[in-house]
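J.: Provided herewith: coords_38.cif, mmCIF, C-alpha atoms.
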```cif
data_target
loop_
_atom_site.group_PDB
_atom_site.id
_atom_site.type_symbol
_atom_site.label_atom_id
_atom_site.label_comp_id
_atom_site.auth_asym_id
_atom_site.auth_seq_id
_atom_site.Cartn_x
_atom_site.Cartn_y
_atom_site.Cartn_z
ATOM 1 C CA MET Q 30 0.000 0.000 0.000
ATOM 2 C CA LYS Q 31 2.758 2.475 0.993
ATOM 3 C CA ALA Q 32 4.775 1.630 -2.133
ATOM 4 C CA ARG Q 33 1.719 2.079 -4.355
ATOM 5 C CA ILE Q 34 1.086 5.559 -2.954
ATOM 6 C CA ALA Q 35 4.790 6.462 -3.235
ATOM 7 C CA ARG Q 36 4.820 5.194 -6.840
ATOM 8 C CA LYS Q 37 1.882 7.466 -7.741
ATOM 9 C CA LEU Q 38 3.535 10.409 -6.008
ATOM 10 C CA LEU Q 39 6.808 9.755 -7.833
ATOM 11 C CA CYS Q 40 4.922 9.705 -11.160
ATOM 12 C CA ARG Q 41 3.509 13.146 -10.409
ATOM 13 C CA LEU Q 42 6.832 14.499 -9.202
ATOM 14 C CA GLU Q 43 8.584 13.241 -12.330
ATOM 15 C CA ARG Q 44 6.188 15.390 -14.390
ATOM 16 C CA HIS Q 45 6.432 18.464 -12.148
ATOM 17 C CA THR Q 46 8.566 18.915 -9.056
ATOM 18 C CA PRO Q 47 7.716 21.836 -6.784
ATOM 19 C CA ALA Q 48 10.661 24.224 -6.492
ATOM 20 C CA LEU Q 49 10.585 23.978 -2.703
ATOM 21 C CA LEU Q 50 11.185 20.223 -2.843
ATOM 22 C CA VAL Q 51 14.355 20.669 -4.912
ATOM 23 C CA SER Q 52 15.635 23.342 -2.527
ATOM 24 C CA VAL Q 53 14.884 21.109 0.469
ATOM 25 C CA GLN Q 54 16.854 18.312 -1.209
ATOM 26 C CA SER Q 55 19.853 20.674 -1.475
ATOM 27 C CA GLN Q 56 19.372 21.638 2.184
ATOM 28 C CA ILE Q 57 19.417 18.014 3.317
ATOM 29 C CA LEU Q 58 22.664 17.393 1.431
ATOM 30 C CA LEU Q 59 24.212 20.607 2.740
ATOM 31 C CA ASN Q 60 23.337 19.613 6.327
ATOM 32 C CA LEU Q 61 24.970 16.213 5.769
ATOM 33 C CA ALA Q 62 28.110 17.868 4.354
ATOM 34 C CA ALA Q 63 28.288 20.458 7.142
ATOM 35 C CA ARG Q 64 28.366 17.671 9.748
ATOM 36 C CA ALA Q 65 30.964 15.723 7.777
ATOM 37 C CA PHE Q 66 33.251 18.742 7.344
ATOM 38 C CA HIS Q 67 32.687 19.970 10.912
ATOM 39 C CA ALA Q 68 31.608 23.306 9.468
ATOM 40 C CA PRO Q 69 28.685 25.534 10.326
ATOM 41 C CA GLY Q 70 25.867 24.953 7.873
ATOM 42 C CA LYS Q 71 23.715 27.512 6.189
ATOM 43 C CA SER Q 72 20.073 27.779 5.248
ATOM 44 C CA VAL Q 73 19.343 27.264 1.545
ATOM 45 C CA TRP Q 74 15.902 25.655 1.551
ATOM 46 C CA ARG Q 75 14.081 28.955 0.983
ATOM 47 C CA LEU Q 76 16.212 29.855 -2.036
ATOM 48 C CA ALA Q 77 15.242 29.162 -5.629
ATOM 49 C CA PRO Q 78 16.296 25.625 -6.624
ATOM 50 C CA GLY Q 79 19.187 26.766 -8.825
ATOM 51 C CA GLN Q 80 20.548 29.083 -6.148
ATOM 52 C CA ALA Q 81 20.153 26.442 -3.414
ATOM 53 C CA LEU Q 82 22.049 23.934 -5.549
ATOM 54 C CA ARG Q 83 24.777 26.482 -6.296
ATOM 55 C CA GLU Q 84 25.136 27.270 -2.569
ATOM 56 C CA TYR Q 85 25.502 23.549 -1.815
ATOM 57 C CA ALA Q 86 28.094 23.105 -4.590
ATOM 58 C CA GLU Q 87 30.086 26.125 -3.437
ATOM 59 C CA PHE Q 88 29.820 25.012 0.202
ATOM 60 C CA THR Q 89 31.316 21.602 -0.563
ATOM 61 C CA ALA Q 90 33.818 22.633 -3.277
ATOM 62 C CA GLY Q 91 37.375 22.737 -2.021
ATOM 63 C CA ARG Q 92 36.562 21.511 1.480
ATOM 64 C CA THR Q 93 38.797 18.892 3.020
ATOM 65 C CA GLY Q 94 38.871 16.926 6.222
ATOM 66 C CA ALA Q 95 35.719 14.860 5.833
ATOM 67 C CA SER Q 96 36.005 11.135 6.169
ATOM 68 C CA PRO Q 97 34.735 9.282 3.076
ATOM 69 C CA GLU Q 98 33.484 6.570 5.425
ATOM 70 C CA TYR Q 99 31.480 9.098 7.447
ATOM 71 C CA LEU Q 100 30.030 10.637 4.274
ATOM 72 C CA TYR Q 101 29.088 7.162 3.040
ATOM 73 C CA ARG Q 102 27.563 6.029 6.343
ATOM 74 C CA THR Q 103 25.518 9.187 6.813
ATOM 75 C CA ALA Q 104 24.307 9.107 3.209
ATOM 76 C CA PHE Q 105 23.541 5.375 3.525
ATOM 77 C CA ASP Q 106 21.304 6.126 6.506
ATOM 78 C CA LEU Q 107 19.550 8.820 4.465
ATOM 79 C CA GLY Q 108 18.989 6.401 1.584
ATOM 80 C CA ARG Q 109 17.731 3.713 3.937
ATOM 81 C CA ARG Q 110 15.246 6.173 5.494
ATOM 82 C CA LEU Q 111 13.995 7.136 2.021
ATOM 83 C CA ARG Q 112 13.548 3.475 1.151
ATOM 84 C CA ARG Q 113 11.512 2.909 4.337
ATOM 85 C CA LEU Q 114 9.488 6.073 3.736
ATOM 86 C CA THR Q 115 8.548 5.029 0.198
ATOM 87 C CA GLY Q 116 8.156 1.339 0.940
ATOM 88 C CA PHE Q 117 9.892 0.574 -2.355
ATOM 89 C CA THR Q 118 11.264 -2.953 -2.640
ATOM 90 C CA ASP Q 119 11.136 -3.350 -6.420
ATOM 91 C CA LYS Q 120 14.412 -2.403 -8.093
ATOM 92 C CA LYS Q 121 12.636 -0.551 -10.927
ATOM 93 C CA ASP Q 122 10.872 1.710 -8.414
ATOM 94 C CA VAL Q 123 14.106 2.399 -6.560
ATOM 95 C CA GLU Q 124 15.995 3.045 -9.806
ATOM 96 C CA ARG Q 125 13.337 5.556 -10.906
ATOM 97 C CA LEU Q 126 13.550 7.303 -7.534
ATOM 98 C CA ILE Q 127 17.353 7.497 -7.695
ATOM 99 C CA PHE Q 128 17.375 8.893 -11.233
ATOM 100 C CA TYR Q 129 14.652 11.371 -10.246
ATOM 101 C CA LEU Q 130 16.577 12.592 -7.182
ATOM 102 C CA TYR Q 131 19.742 13.045 -9.229
ATOM 103 C CA ARG Q 132 17.846 14.861 -11.976
ATOM 104 C CA ASN Q 133 16.758 17.370 -9.304
ATOM 105 C CA LEU Q 134 20.469 17.991 -8.685
ATOM 106 C CA GLN Q 135 21.089 18.558 -12.409
ATOM 107 C CA ILE Q 136 22.837 15.225 -12.802
ATOM 108 C CA SER Q 137 21.726 13.317 -15.890
ATOM 109 C CA MET Q 138 22.080 9.569 -15.345
ATOM 110 C CA GLY Q 139 21.331 6.576 -17.515
ATOM 111 C CA GLY Q 140 21.712 2.843 -17.221
ATOM 112 C CA HIS Q 141 20.427 0.400 -14.661
ATOM 113 C CA LEU Q 142 20.837 -0.107 -10.955
ATOM 114 C CA PRO Q 143 22.308 -2.481 -10.002
ATOM 115 C CA GLY Q 144 24.522 -2.417 -13.054
ATOM 116 C CA GLU Q 145 26.358 0.059 -15.235
ATOM 117 C CA ILE Q 146 25.446 3.742 -15.056
ATOM 118 C CA THR Q 147 26.568 6.697 -17.117
ATOM 119 C CA VAL Q 148 26.448 10.311 -16.019
ATOM 120 C CA ARG Q 149 26.151 12.400 -19.165
ATOM 121 C CA LYS Q 150 25.921 15.745 -17.419
ATOM 122 C CA CYS Q 151 26.888 16.714 -13.870
ATOM 123 C CA TYR Q 152 26.300 20.140 -12.377
ATOM 124 C CA PHE Q 153 29.065 19.589 -9.832
ATOM 125 C CA SER Q 154 31.753 18.948 -12.461
ATOM 126 C CA GLY Q 155 32.017 22.714 -12.847
ATOM 127 C CA PHE Q 156 32.841 23.101 -9.144
ATOM 128 C CA TYR Q 157 34.815 20.029 -8.083
ATOM 129 C CA THR Q 158 38.385 18.960 -8.623
ATOM 130 C CA PRO Q 159 38.886 15.244 -9.344
ATOM 131 C CA GLU Q 160 39.834 14.729 -5.667
ATOM 132 C CA GLN Q 161 36.746 16.593 -4.408
ATOM 133 C CA CYS Q 162 34.566 14.647 -6.824
ATOM 134 C CA ALA Q 163 35.983 11.356 -5.544
ATOM 135 C CA LEU Q 164 35.343 12.415 -1.944
ATOM 136 C CA MET Q 165 31.809 13.666 -2.559
ATOM 137 C CA SER Q 166 30.920 10.567 -4.559
ATOM 138 C CA SER Q 167 30.989 8.806 -1.179
ATOM 139 C CA VAL Q 168 27.632 10.516 -0.686
ATOM 140 C CA ASP Q 169 26.373 9.102 -3.995
ATOM 141 C CA SER Q 170 27.556 5.640 -3.058
ATOM 142 C CA GLY Q 171 25.893 5.880 0.351
ATOM 143 C CA VAL Q 172 22.523 7.186 -0.833
ATOM 144 C CA ILE Q 173 22.296 4.665 -3.666
ATOM 145 C CA SER Q 174 23.409 1.791 -1.413
ATOM 146 C CA GLY Q 175 20.912 2.803 1.259
ATOM 147 C CA LEU Q 176 18.069 2.956 -1.250
ATOM 148 C CA LEU Q 177 19.039 -0.380 -2.804
ATOM 149 C CA GLY Q 178 19.608 -2.132 0.521
ATOM 150 C CA GLY Q 179 23.403 -2.411 0.257
ATOM 151 C CA GLY Q 180 25.952 -2.651 -2.502
ATOM 152 C CA THR Q 181 28.967 -0.836 -3.879
ATOM 153 C CA LEU Q 182 29.311 2.020 -6.376
ATOM 154 C CA THR Q 183 32.623 2.086 -8.251
ATOM 155 C CA PHE Q 184 33.552 4.853 -10.683
ATOM 156 C CA THR Q 185 35.840 4.044 -13.608
ATOM 157 C CA LYS Q 186 35.654 7.454 -15.354
ATOM 158 C CA ARG Q 187 34.801 10.941 -14.143
ATOM 159 C CA ILE Q 188 33.960 14.144 -15.977
ATOM 160 C CA THR Q 189 36.202 15.989 -13.512
ATOM 161 C CA GLU Q 190 39.134 13.906 -14.796
ATOM 162 C CA GLY Q 191 38.591 15.106 -18.351
ATOM 163 C CA HIS Q 192 36.256 12.368 -19.603
ATOM 164 C CA LYS Q 193 33.059 13.231 -21.503
ATOM 165 C CA THR Q 194 30.978 11.186 -19.061
ATOM 166 C CA CYS Q 195 31.239 9.540 -15.699
ATOM 167 C CA GLU Q 196 31.071 5.756 -15.824
ATOM 168 C CA ALA Q 197 30.287 3.682 -12.768
ATOM 169 C CA CYS Q 198 29.125 0.243 -11.783
ATOM 170 C CA PHE Q 199 26.834 -0.539 -8.876
ATOM 171 C CA THR Q 200 26.929 -4.117 -7.623
ATOM 172 C CA GLY Q 201 24.794 -5.708 -4.951
ATOM 173 C CA GLY Q 202 21.600 -4.385 -3.502
ATOM 174 C CA ILE Q 203 18.020 -5.547 -3.790
ATOM 175 C CA ALA Q 204 18.471 -7.374 -7.082
ATOM 176 C CA ASP Q 205 20.770 -9.803 -5.296
ATOM 177 C CA GLU Q 206 18.242 -10.346 -2.492
ATOM 178 C CA ARG Q 207 15.630 -11.906 -4.769
#
```
Any chance you could put this one into structure tokens?
T.:
Amino acid sequence: MKARIARKLLCRLERHTPALLVSVQSQILLNLAARAFHAPGKSVWRLAPGQALREYAEFTAGRTGASPEYLYRTAFDLGRRLRRLTGFTDKKDVERLIFYLYRNLQISMGGHLPGEITVRKCYFSGFYTPEQCALMSSVDSGVISGLLGGGTLTFTKRITEGHKTCEACFTGGIADER
């Protein structure tokens, strides 16, 4: 029942996402990063979506001192909470949710989860160095793993390293549980 309602809501959100929801998504990620970097956070949820996303990117760009393990663990917990909230257990539902959430962050993804994914466009590639991208992708790995019930995200190419796309493989997760 919960998954059916969440599926209908996701369908509507895929057609039109309220601006506030996108800004709140940036706020959640900024709060996670502020804790990881031991830095005071800032309020971005009332900003326009593009400005909120830019504030998050600028906040995280160039920062050091966060543990990739902490970023992963915190993001994994966030993904797990989203999975419980939606009730999604079907990998197609979870994949749609993941691609939707990343689209809100101006990250264009294709492929299948678990499996190979390609990032054709990434907003953050204009802000991050290759090292910062590698660090912050711990958040991606954690959120995706939490939503899929475990697993590992491994990047083989990154836009920030001069490639036209990011290439990654996600192994494990709910597909392996069935």
J.: What does the PyMOL selection byres ((chain Q and resi 130) around 12) select in this file, as an mmCIF file with C-alpha atoms, in the coordinates of the input?
T.:
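This is the output file expr06.cif:
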```
data_model
loop_
_atom_site.group_PDB
_atom_site.id
_atom_site.type_symbol
_atom_site.label_atom_id
_atom_site.label_comp_id
_atom_site.auth_asym_id
_atom_site.auth_seq_id
_atom_site.Cartn_x
_atom_site.Cartn_y
_atom_site.Cartn_z
ATOM 1 C CA LEU Q 39 6.808 9.755 -7.833
ATOM 2 C CA LEU Q 42 6.832 14.499 -9.202
ATOM 3 C CA GLU Q 43 8.584 13.241 -12.330
ATOM 4 C CA THR Q 46 8.566 18.915 -9.056
ATOM 5 C CA LEU Q 50 11.185 20.223 -2.843
ATOM 6 C CA VAL Q 51 14.355 20.669 -4.912
ATOM 7 C CA SER Q 52 15.635 23.342 -2.527
ATOM 8 C CA VAL Q 53 14.884 21.109 0.469
ATOM 9 C CA GLN Q 54 16.854 18.312 -1.209
ATOM 10 C CA SER Q 55 19.853 20.674 -1.475
ATOM 11 C CA LEU Q 58 22.664 17.393 1.431
ATOM 12 C CA GLY Q 108 18.989 6.401 1.584
ATOM 13 C CA LEU Q 111 13.995 7.136 2.021
ATOM 14 C CA VAL Q 123 14.106 2.399 -6.560
ATOM 15 C CA GLU Q 124 15.995 3.045 -9.806
ATOM 16 C CA ARG Q 125 13.337 5.556 -10.906
ATOM 17 C CA LEU Q 126 13.550 7.303 -7.534
ATOM 18 C CA ILE Q 127 17.353 7.497 -7.695
ATOM 19 C CA PHE Q 128 17.375 8.893 -11.233
ATOM 20 C CA TYR Q 129 14.652 11.371 -10.246
ATOM 21 C CA TYR Q 131 19.742 13.045 -9.229
ATOM 22 C CA ARG Q 132 17.846 14.861 -11.976
ATOM 23 C CA ASN Q 133 16.758 17.370 -9.304
ATOM 24 C CA LEU Q 134 20.469 17.991 -8.685
ATOM 25 C CA GLN Q 135 21.089 18.558 -12.409
ATOM 26 C CA ILE Q 136 22.837 15.225 -12.802
ATOM 27 C CA SER Q 137 21.726 13.317 -15.890
ATOM 28 C CA MET Q 138 22.080 9.569 -15.345
ATOM 29 C CA ASP Q 169 26.373 9.102 -3.995
ATOM 30 C CA VAL Q 172 22.523 7.186 -0.833
ATOM 31 C CA ILE Q 173 22.296 4.665 -3.666
ATOM 32 C CA LEU Q 176 18.069 2.956 -1.250
#
```
J.: Please compute the CA of Leu49 in chain Q-CA of Cys195 in chain Q distance, one decimal, in Å.
T.: 28.4 Å
J.: When distances are computed from only C-alpha atoms, which of Q:Ser170, Q:Thr194, Q:Gln161, Q:Thr200 shows the smallest separation from Asp106 in chain Q?
T.: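 Once distances to Asp106 in chain Q are computed over only C-alpha atoms, the minimum belongs to Q:Ser170.
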J.: What's the 10 Å shell around Arg110 in chain Q, counting all atoms listed in the file, without same-chain residues fewer than 5 positions away, as a list in words?
T.: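 Counting only the stated atoms, we get Ala104, Phe105, Thr115, Gly116, Val172, Gly175 and Leu176 of chain Q.
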J.: Nearest to Gln80 in chain Q among Q:Asp119, Q:Arg33, Q:Glu196, Q:Gln56, with distances taken over all atoms listed in the file: which residue is it?
T.: Q:Gln56
J.: Find the distance between CA of Ser166 in chain Q and CA of Arg112 in chain Q and write it in Å to one decimal.
T.: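 Pair CA of Ser166 in chain Q / CA of Arg112 in chain Q returns 19.6 Å.
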J.: Name the residues that the PyMOL selection byres ((chain Q and resi 153) around 12) pulls out of this structure, and write them as a PDB file with C-alpha atoms, in the frame of the given file.
T.:
```pdb
ATOM      1  CA  LEU Q  82      22.049  23.934  -5.549  1.00  0.00           C
ATOM      2  CA  ARG Q  83      24.777  26.482  -6.296  1.00  0.00           C
ATOM      3  CA  GLU Q  84      25.136  27.270  -2.569  1.00  0.00           C
ATOM      4  CA  TYR Q  85      25.502  23.549  -1.815  1.00  0.00           C
ATOM      5  CA  ALA Q  86      28.094  23.105  -4.590  1.00  0.00           C
ATOM      6  CA  GLU Q  87      30.086  26.125  -3.437  1.00  0.00           C
ATOM      7  CA  PHE Q  88      29.820  25.012   0.202  1.00  0.00           C
ATOM      8  CA  THR Q  89      31.316  21.602  -0.563  1.00  0.00           C
ATOM      9  CA  ALA Q  90      33.818  22.633  -3.277  1.00  0.00           C
ATOM     10  CA  GLY Q  91      37.375  22.737  -2.021  1.00  0.00           C
ATOM     11  CA  TYR Q 131      19.742  13.045  -9.229  1.00  0.00           C
ATOM     12  CA  LEU Q 134      20.469  17.991  -8.685  1.00  0.00           C
ATOM     13  CA  GLN Q 135      21.089  18.558 -12.409  1.00  0.00           C
ATOM     14  CA  ILE Q 136      22.837  15.225 -12.802  1.00  0.00           C
ATOM     15  CA  SER Q 137      21.726  13.317 -15.890  1.00  0.00           C
ATOM     16  CA  VAL Q 148      26.448  10.311 -16.019  1.00  0.00           C
ATOM     17  CA  LYS Q 150      25.921  15.745 -17.419  1.00  0.00           C
ATOM     18  CA  CYS Q 151      26.888  16.714 -13.870  1.00  0.00           C
ATOM     19  CA  TYR Q 152      26.300  20.140 -12.377  1.00  0.00           C
ATOM     20  CA  SER Q 154      31.753  18.948 -12.461  1.00  0.00           C
ATOM     21  CA  GLY Q 155      32.017  22.714 -12.847  1.00  0.00           C
ATOM     22  CA  PHE Q 156      32.841  23.101  -9.144  1.00  0.00           C
ATOM     23  CA  TYR Q 157      34.815  20.029  -8.083  1.00  0.00           C
ATOM     24  CA  THR Q 158      38.385  18.960  -8.623  1.00  0.00           C
ATOM     25  CA  PRO Q 159      38.886  15.244  -9.344  1.00  0.00           C
ATOM     26  CA  GLN Q 161      36.746  16.593  -4.408  1.00  0.00           C
ATOM     27  CA  CYS Q 162      34.566  14.647  -6.824  1.00  0.00           C
ATOM     28  CA  ALA Q 163      35.983  11.356  -5.544  1.00  0.00           C
ATOM     29  CA  MET Q 165      31.809  13.666  -2.559  1.00  0.00           C
ATOM     30  CA  SER Q 166      30.920  10.567  -4.559  1.00  0.00           C
ATOM     31  CA  ARG Q 187      34.801  10.941 -14.143  1.00  0.00           C
ATOM     32  CA  ILE Q 188      33.960  14.144 -15.977  1.00  0.00           C
ATOM     33  CA  THR Q 189      36.202  15.989 -13.512  1.00  0.00           C
ATOM     34  CA  CYS Q 195      31.239   9.540 -15.699  1.00  0.00           C
TER      35      CYS Q 195
END
```
J.: Looking at Q:Pro78, Q:Gly178, Q:Gly201, Q:Gly191, which one is nearest to Gly144 in chain Q, with distances taken over all atoms listed in the file?
T.: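 Counting all atoms listed in the file, the residue closest to Gly144 in chain Q is Q:Gly201.
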J.: Evaluate the PyMOL selection byres ((chain Q and resi 180) around 8) on the structure here and hand back the selected residues as a list in words.
T.: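 When the PyMOL selection byres ((chain Q and resi 180) around 8) is applied to the shown file, the picked residues are Ser174, Leu177, Gly178, Gly179, Thr181, Leu182, Phe199, Thr200, Gly201 and Gly202 of chain Q.
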J.: Pick from Q:Thr103, Q:Ala95, Q:Ser167, Q:Asp122: nearest to Leu38 in chain Q, with all atoms listed in the file counted?
T.: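 Among the listed residues, Q:Asp122 lies closest to Leu38 in chain Q.
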J.: What are the centre and edge lengths in Å, to one decimal, of the axis-aligned box around all listed atoms of range 134-153 of chain Q with 4 Å added on each side, as AutoDock Vina command-line options?
T.:
```
--center_x 24.7 --center_y 8.8 --center_z -13.9 --size_x 16.6 --size_y 30.6 --size_z 18.5
```
J.: In Å, with one decimal, what is the gap from CA of Leu100 in chain Q to CA of Glu145 in chain Q?
T.: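 The value is 22.5 Å.
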J.: Extract, using only C-alpha atoms, all DNA, RNA and protein residues at most 9 Å from Ser96 in chain Q, discarding same-chain residues fewer than 5 positions from it, and format them as a compact mmCIF listing (two decimals) with C-alpha atoms, in the coordinates of the input.
T.:
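Result file part08.txt:
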```
# COMPACT_ATOMS: atom_id res chain seq x y z
CA ALA Q 65 30.96 15.72 7.78
CA PHE Q 66 33.25 18.74 7.34
CA TYR Q 101 29.09 7.16 3.04
CA LEU Q 164 35.34 12.42 -1.94
```
J.: Compare Q:Ala77, Q:Leu107, Q:Leu61, Q:Cys198 by their minimum atom-to-atom distance to Pro47 in chain Q, counting only C-alpha atoms, and give me the closest one.
T.: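 Answer, going by the shortest atom-to-atom distance: Q:Ala77.
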J.: Would you please work out which residue, of Q:Val73, Q:Ala62, Q:Ile57, Q:Leu114, is nearest to Ala32 in chain Q when using only C-alpha atoms?
T.: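 Of all the options, Q:Leu114 lies closest to Ala32 in chain Q.
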